[in-house]
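Worksheet: one structure, shown below.
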Amino acid sequence: MFKIGEFSKLCGLSADTLYHYEKLKILIPLSIDKFTGYRHYDASQLVTVNKILALKDAGFSLDEIANVSKNDVSVTLLLEMLENKAKSLETALSDQYSRLERLHTNIFMIKNGGIPQMNEISIKKVEPILIASIRKIFPRKGFDENLEKMWPAVNSYIEEQGVKRTIPCLMLYHSGWWDLKQCNIMYDDQNLDVEVAEPVTKSFIGNGEVQVYELPLVEKMACIVHHGSFSTISKTFDMLFEWMKQNSYQADGPIREIYHKGDWATNNPDEYITEMQVPIK
């Protein structure tokens with residue numbers, strides 16, 4: 001037998017909590033001395049303590065726990081109640097995760113100045129964006145082969161660091177497909193200089209291949225949205241570049257290709273949504 005102070009230390013509950021549980025009739029002392037009022041507990045009551053703690057951790061209120069104790073619920077029914085609580089918690093967590101994803105998306109969209117209308121060119125201000133990225137220079141004919149390695153590498157490293165990605169992902173062309181010197185767009189007829197990037201929620205240390213840094217604020221970003229397959233995206237780029245030439249704008253940084261909706265969201269390439277951005281001066 002244990003006095004309340006001894007049992008308190010044994011079970012990890014304060015004396016006040018034990019008194020409160022006694023009032024709720026969910027943990028009653030084995031005996032109470034009628035003259036001194038001293039309460040005594042038995043080691044076997046640790047089973048009851050563990051049941052209370054398990055129910056509390058599962059989200060049961062003390063009133064619910066009292067009801068379970070009063071009705072002497074069977075183990076089978078108790079397990080069913082815990083499983084139902086587990087399902088409710090899973091649903092709540094899923095809802096909260098979806099809410100978090102939407103929040104990160106909204107943060108990115110606010111920083112990114114929103115998405116312009118389909119196939120209409122706009123100029124907007126883009127706030128700094130924290131990214132983890134891999135940048136490589138490789139032969140033009142090795143485009144698909146290199147990207148198939150770069151994307152998994154950067155995503156794998158982000159996951160190893162326990163950091164959350166946000167959406168959408170993007171690619172930066174430091175030297176691209178377009179021979180447009182009059183627009184100050186970097187070009188190499190042999191190689192591409194490409195960076196794949198994932199926006200992330202917090203900074204962490206890179207590993208030599210993966211770099212983590214903040215894309216700078218851009219006061220004037222020319223933007224256009226391509227709706228459809230990547231096979232026809234060049235036409236949308238041509239519209240953007242022609243607009244730049246007609247308005248005497250020059251590129252003032254790498255071209256960004258932002259993937260708002262891709263094969264992770266739909267099996268229909270016609271539903272892809274890709275935004276092209278060029279810092280201009």
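Scheme for the structure tokens: letters A, B, ... for chains in order shown; per-chain residue numbers from 1; ligand numbers from 1 in order shown.
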Check: Can you tell me, as JSON, numbers by chain, what residues are no more than 9 Å from A:Glu127 when counting only C-alpha atoms, ignoring any on the same chain fewer than 5 positions away?
Finding: {"A": [108, 110, 111, 112, 113, 215, 216, 217, 218, 219]}
Item checked: For A:Lys25: contacts at 9 Å, only C-alpha atoms, fewer than 3 positions along chain excluded, given as a VMD selection string -> chain A and resid 20 to 22 28 66 69 to 70
Next item on the list: Write out as a ChimeraX atom specification all residues of stretch 46-276 of chain A that backbone DSSP assigns to alpha helix (DSSP H).
Entry: /A:46-57,62-70,75-111,143-160,233-246
Excluding stretch 227-244 of chain A and any residue of its chain fewer than 3 positions from it, enumerate the residues within 6 Å of it, using only C-alpha atoms, and give them as a PDB file with all heavy atoms, in the first residue's frame.
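part.pdb written:
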ATOM      1  N   ASN A 247       8.683  46.106 -76.852  1.00  0.00           N
ATOM      2  CA  ASN A 247       8.649  47.123 -75.806  1.00  0.00           C
ATOM      3  C   ASN A 247      10.041  47.513 -75.302  1.00  0.00           C
ATOM      4  O   ASN A 247      10.163  48.211 -74.297  1.00  0.00           O
ATOM      5  CB  ASN A 247       7.793  46.632 -74.630  1.00  0.00           C
ATOM      6  CG  ASN A 247       6.320  46.568 -74.974  1.00  0.00           C
ATOM      7  OD1 ASN A 247       5.618  47.568 -74.917  1.00  0.00           O
ATOM      8  ND2 ASN A 247       5.846  45.384 -75.366  1.00  0.00           N
ATOM      9  N   SER A 248      11.063  47.044 -76.020  1.00  0.00           N
ATOM     10  CA  SER A 248      12.466  47.386 -75.729  1.00  0.00           C
ATOM     11  C   SER A 248      12.889  47.009 -74.316  1.00  0.00           C
ATOM     12  O   SER A 248      13.644  47.737 -73.658  1.00  0.00           O
ATOM     13  CB  SER A 248      12.691  48.897 -75.944  1.00  0.00           C
ATOM     14  OG  SER A 248      12.395  49.249 -77.280  1.00  0.00           O
ATOM     15  N   TYR A 249      12.393  45.853 -73.836  1.00  0.00           N
ATOM     16  CA  TYR A 249      12.824  45.348 -72.546  1.00  0.00           C
ATOM     17  C   TYR A 249      13.978  44.373 -72.729  1.00  0.00           C
ATOM     18  O   TYR A 249      14.048  43.652 -73.732  1.00  0.00           O
ATOM     19  CB  TYR A 249      11.677  44.622 -71.832  1.00  0.00           C
ATOM     20  CG  TYR A 249      10.644  45.535 -71.225  1.00  0.00           C
ATOM     21  CD1 TYR A 249       9.318  45.481 -71.646  1.00  0.00           C
ATOM     22  CD2 TYR A 249      10.985  46.433 -70.216  1.00  0.00           C
ATOM     23  CE1 TYR A 249       8.359  46.311 -71.083  1.00  0.00           C
ATOM     24  CE2 TYR A 249      10.035  47.262 -69.648  1.00  0.00           C
ATOM     25  CZ  TYR A 249       8.724  47.201 -70.086  1.00  0.00           C
ATOM     26  OH  TYR A 249       7.783  48.023 -69.524  1.00  0.00           O
ATOM     27  N   PRO A 269      -1.959  16.169 -69.910  1.00  0.00           N
ATOM     28  CA  PRO A 269      -1.015  17.267 -70.170  1.00  0.00           C
ATOM     29  C   PRO A 269      -1.695  18.566 -70.599  1.00  0.00           C
ATOM     30  O   PRO A 269      -1.138  19.647 -70.411  1.00  0.00           O
ATOM     31  CB  PRO A 269      -0.133  16.720 -71.298  1.00  0.00           C
ATOM     32  CG  PRO A 269      -0.236  15.235 -71.180  1.00  0.00           C
ATOM     33  CD  PRO A 269      -1.650  14.980 -70.718  1.00  0.00           C
ATOM     34  N   ASP A 270      -2.895  18.452 -71.170  1.00  0.00           N
ATOM     35  CA  ASP A 270      -3.607  19.659 -71.592  1.00  0.00           C
ATOM     36  C   ASP A 270      -4.035  20.516 -70.395  1.00  0.00           C
ATOM     37  O   ASP A 270      -4.411  21.683 -70.568  1.00  0.00           O
ATOM     38  CB  ASP A 270      -4.849  19.288 -72.413  1.00  0.00           C
ATOM     39  CG  ASP A 270      -4.482  18.681 -73.757  1.00  0.00           C
ATOM     40  OD1 ASP A 270      -3.365  18.949 -74.246  1.00  0.00           O
ATOM     41  OD2 ASP A 270      -5.305  17.935 -74.324  1.00  0.00           O
ATOM     42  N   GLU A 271      -3.983  19.938 -69.188  1.00  0.00           N
ATOM     43  CA  GLU A 271      -4.384  20.667 -67.984  1.00  0.00           C
ATOM     44  C   GLU A 271      -3.188  21.263 -67.238  1.00  0.00           C
ATOM     45  O   GLU A 271      -3.361  21.901 -66.208  1.00  0.00           O
ATOM     46  CB  GLU A 271      -5.163  19.738 -67.050  1.00  0.00           C
ATOM     47  CG  GLU A 271      -6.488  19.257 -67.646  1.00  0.00           C
ATOM     48  CD  GLU A 271      -7.224  18.297 -66.716  1.00  0.00           C
ATOM     49  OE1 GLU A 271      -6.633  17.916 -65.669  1.00  0.00           O
ATOM     50  OE2 GLU A 271      -8.356  17.926 -67.033  1.00  0.00           O
ATOM     51  N   TYR A 272      -1.982  21.069 -67.759  1.00  0.00           N
ATOM     52  CA  TYR A 272      -0.797  21.625 -67.111  1.00  0.00           C
ATOM     53  C   TYR A 272      -0.871  23.156 -67.105  1.00  0.00           C
ATOM     54  O   TYR A 272      -1.352  23.768 -68.065  1.00  0.00           O
ATOM     55  CB  TYR A 272       0.483  21.223 -67.839  1.00  0.00           C
ATOM     56  CG  TYR A 272       0.855  19.757 -67.735  1.00  0.00           C
ATOM     57  CD1 TYR A 272       1.962  19.254 -68.429  1.00  0.00           C
ATOM     58  CD2 TYR A 272       0.132  18.866 -66.949  1.00  0.00           C
ATOM     59  CE1 TYR A 272       2.326  17.916 -68.352  1.00  0.00           C
ATOM     60  CE2 TYR A 272       0.478  17.529 -66.867  1.00  0.00           C
ATOM     61  CZ  TYR A 272       1.578  17.065 -67.573  1.00  0.00           C
ATOM     62  OH  TYR A 272       1.926  15.740 -67.492  1.00  0.00           O
ATOM     63  N   ILE A 273      -0.370  23.753 -66.030  1.00  0.00           N
ATOM     64  CA  ILE A 273      -0.290  25.211 -65.937  1.00  0.00           C
ATOM     65  C   ILE A 273       1.145  25.581 -65.580  1.00  0.00           C
ATOM     66  O   ILE A 273       1.650  25.204 -64.515  1.00  0.00           O
ATOM     67  CB  ILE A 273      -1.255  25.772 -64.885  1.00  0.00           C
ATOM     68  CG1 ILE A 273      -2.707  25.435 -65.247  1.00  0.00           C
ATOM     69  CG2 ILE A 273      -1.084  27.295 -64.758  1.00  0.00           C
ATOM     70  CD1 ILE A 273      -3.722  25.846 -64.196  1.00  0.00           C
TER      71      ILE A 273
END
Please return, as a compact mmCIF listing (two decimals) with C-alpha atoms, in the first residue's frame, all residues of stretch 26-104 of chain A that DSSP assigns to strand (DSSP E or B) on the basis of the backbone.
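Produced file part_13.txt, reproduced below:
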# COMPACT_ATOMS: atom_id res chain seq x y z
CA SER A 31 -8.80 2.80 1.28
CA ILE A 32 -9.30 6.06 3.21
CA ARG A 39 -5.54 7.83 1.35
CA HIS A 40 -3.86 4.61 0.33
CA TYR A 41 -3.33 3.20 -3.12
Item checked: One-decimal distance in Å that lies between atom CA of A:Leu24 and atom CA of A:Ala54 -> 17.1 Å
Next item on the list: List the neighbours of A:Phe143 out to 12 Å using only C-alpha atoms; skip same-chain residues closer than 3 positions along the sequence, and give me the result as a list in words.
Entry: Lys136, Ile137, Phe138, Pro139, Arg140, Asn146, Leu147, Glu148, Lys149, Met150, Tyr173, Gly176, Trp177, Gln190, Asn191, Leu192, Asp193, Val194, Glu195 and Val196 of chain A
For the selection you just gave me, I'd like the residues written to a file as a compact mmCIF listing (two decimals), in the first residue's frame, keeping N, CA and C atoms.
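File produced: out-v4.txt:
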# COMPACT_ATOMS: atom_id res chain seq x y z
N LYS A 136 23.33 23.00 -62.80
CA LYS A 136 24.32 22.27 -63.59
C LYS A 136 24.41 22.85 -65.00
N ILE A 137 25.60 22.71 -65.57
CA ILE A 137 25.81 23.01 -66.99
C ILE A 137 26.03 21.68 -67.70
N PHE A 138 25.27 21.43 -68.75
CA PHE A 138 25.38 20.15 -69.45
C PHE A 138 25.02 20.34 -70.92
N PRO A 139 25.41 19.39 -71.78
CA PRO A 139 25.09 19.50 -73.21
C PRO A 139 23.59 19.58 -73.44
N ARG A 140 23.21 20.33 -74.43
CA ARG A 140 21.80 20.54 -74.72
C ARG A 140 21.05 19.22 -74.94
N ASN A 146 19.58 14.75 -67.54
CA ASN A 146 20.08 15.44 -66.36
C ASN A 146 18.97 15.85 -65.40
N LEU A 147 17.85 16.31 -65.95
CA LEU A 147 16.73 16.71 -65.08
C LEU A 147 16.19 15.52 -64.30
N GLU A 148 16.18 14.35 -64.91
CA GLU A 148 15.69 13.15 -64.23
C GLU A 148 16.53 12.79 -63.02
N LYS A 149 17.77 13.28 -62.96
CA LYS A 149 18.63 13.04 -61.81
C LYS A 149 18.60 14.22 -60.83
N MET A 150 18.49 15.43 -61.36
CA MET A 150 18.57 16.62 -60.52
C MET A 150 17.37 16.77 -59.59
N TYR A 173 16.61 29.13 -65.94
CA TYR A 173 17.54 29.02 -67.07
C TYR A 173 18.53 30.18 -66.98
N GLY A 176 19.81 29.42 -71.74
CA GLY A 176 18.75 28.55 -72.21
C GLY A 176 18.78 28.23 -73.69
N TRP A 177 17.58 27.93 -74.17
CA TRP A 177 17.41 27.48 -75.55
C TRP A 177 17.34 28.64 -76.54
N GLN A 190 25.98 25.14 -77.40
CA GLN A 190 26.39 23.78 -77.05
C GLN A 190 25.77 23.30 -75.73
N ASN A 191 25.71 24.20 -74.77
CA ASN A 191 25.32 23.79 -73.41
C ASN A 191 24.15 24.60 -72.86
N LEU A 192 23.52 24.01 -71.85
CA LEU A 192 22.49 24.69 -71.08
C LEU A 192 23.01 24.88 -69.65
N ASP A 193 22.63 25.97 -69.03
CA ASP A 193 22.96 26.24 -67.63
C ASP A 193 21.62 26.32 -66.90
N VAL A 194 21.28 25.24 -66.19
CA VAL A 194 19.93 25.07 -65.66
C VAL A 194 19.97 24.82 -64.15
N GLU A 195 18.99 25.37 -63.46
CA GLU A 195 18.85 25.18 -62.01
C GLU A 195 17.44 24.71 -61.70
N VAL A 196 17.33 23.57 -61.00
CA VAL A 196 16.02 23.09 -60.53
C VAL A 196 15.87 23.50 -59.08
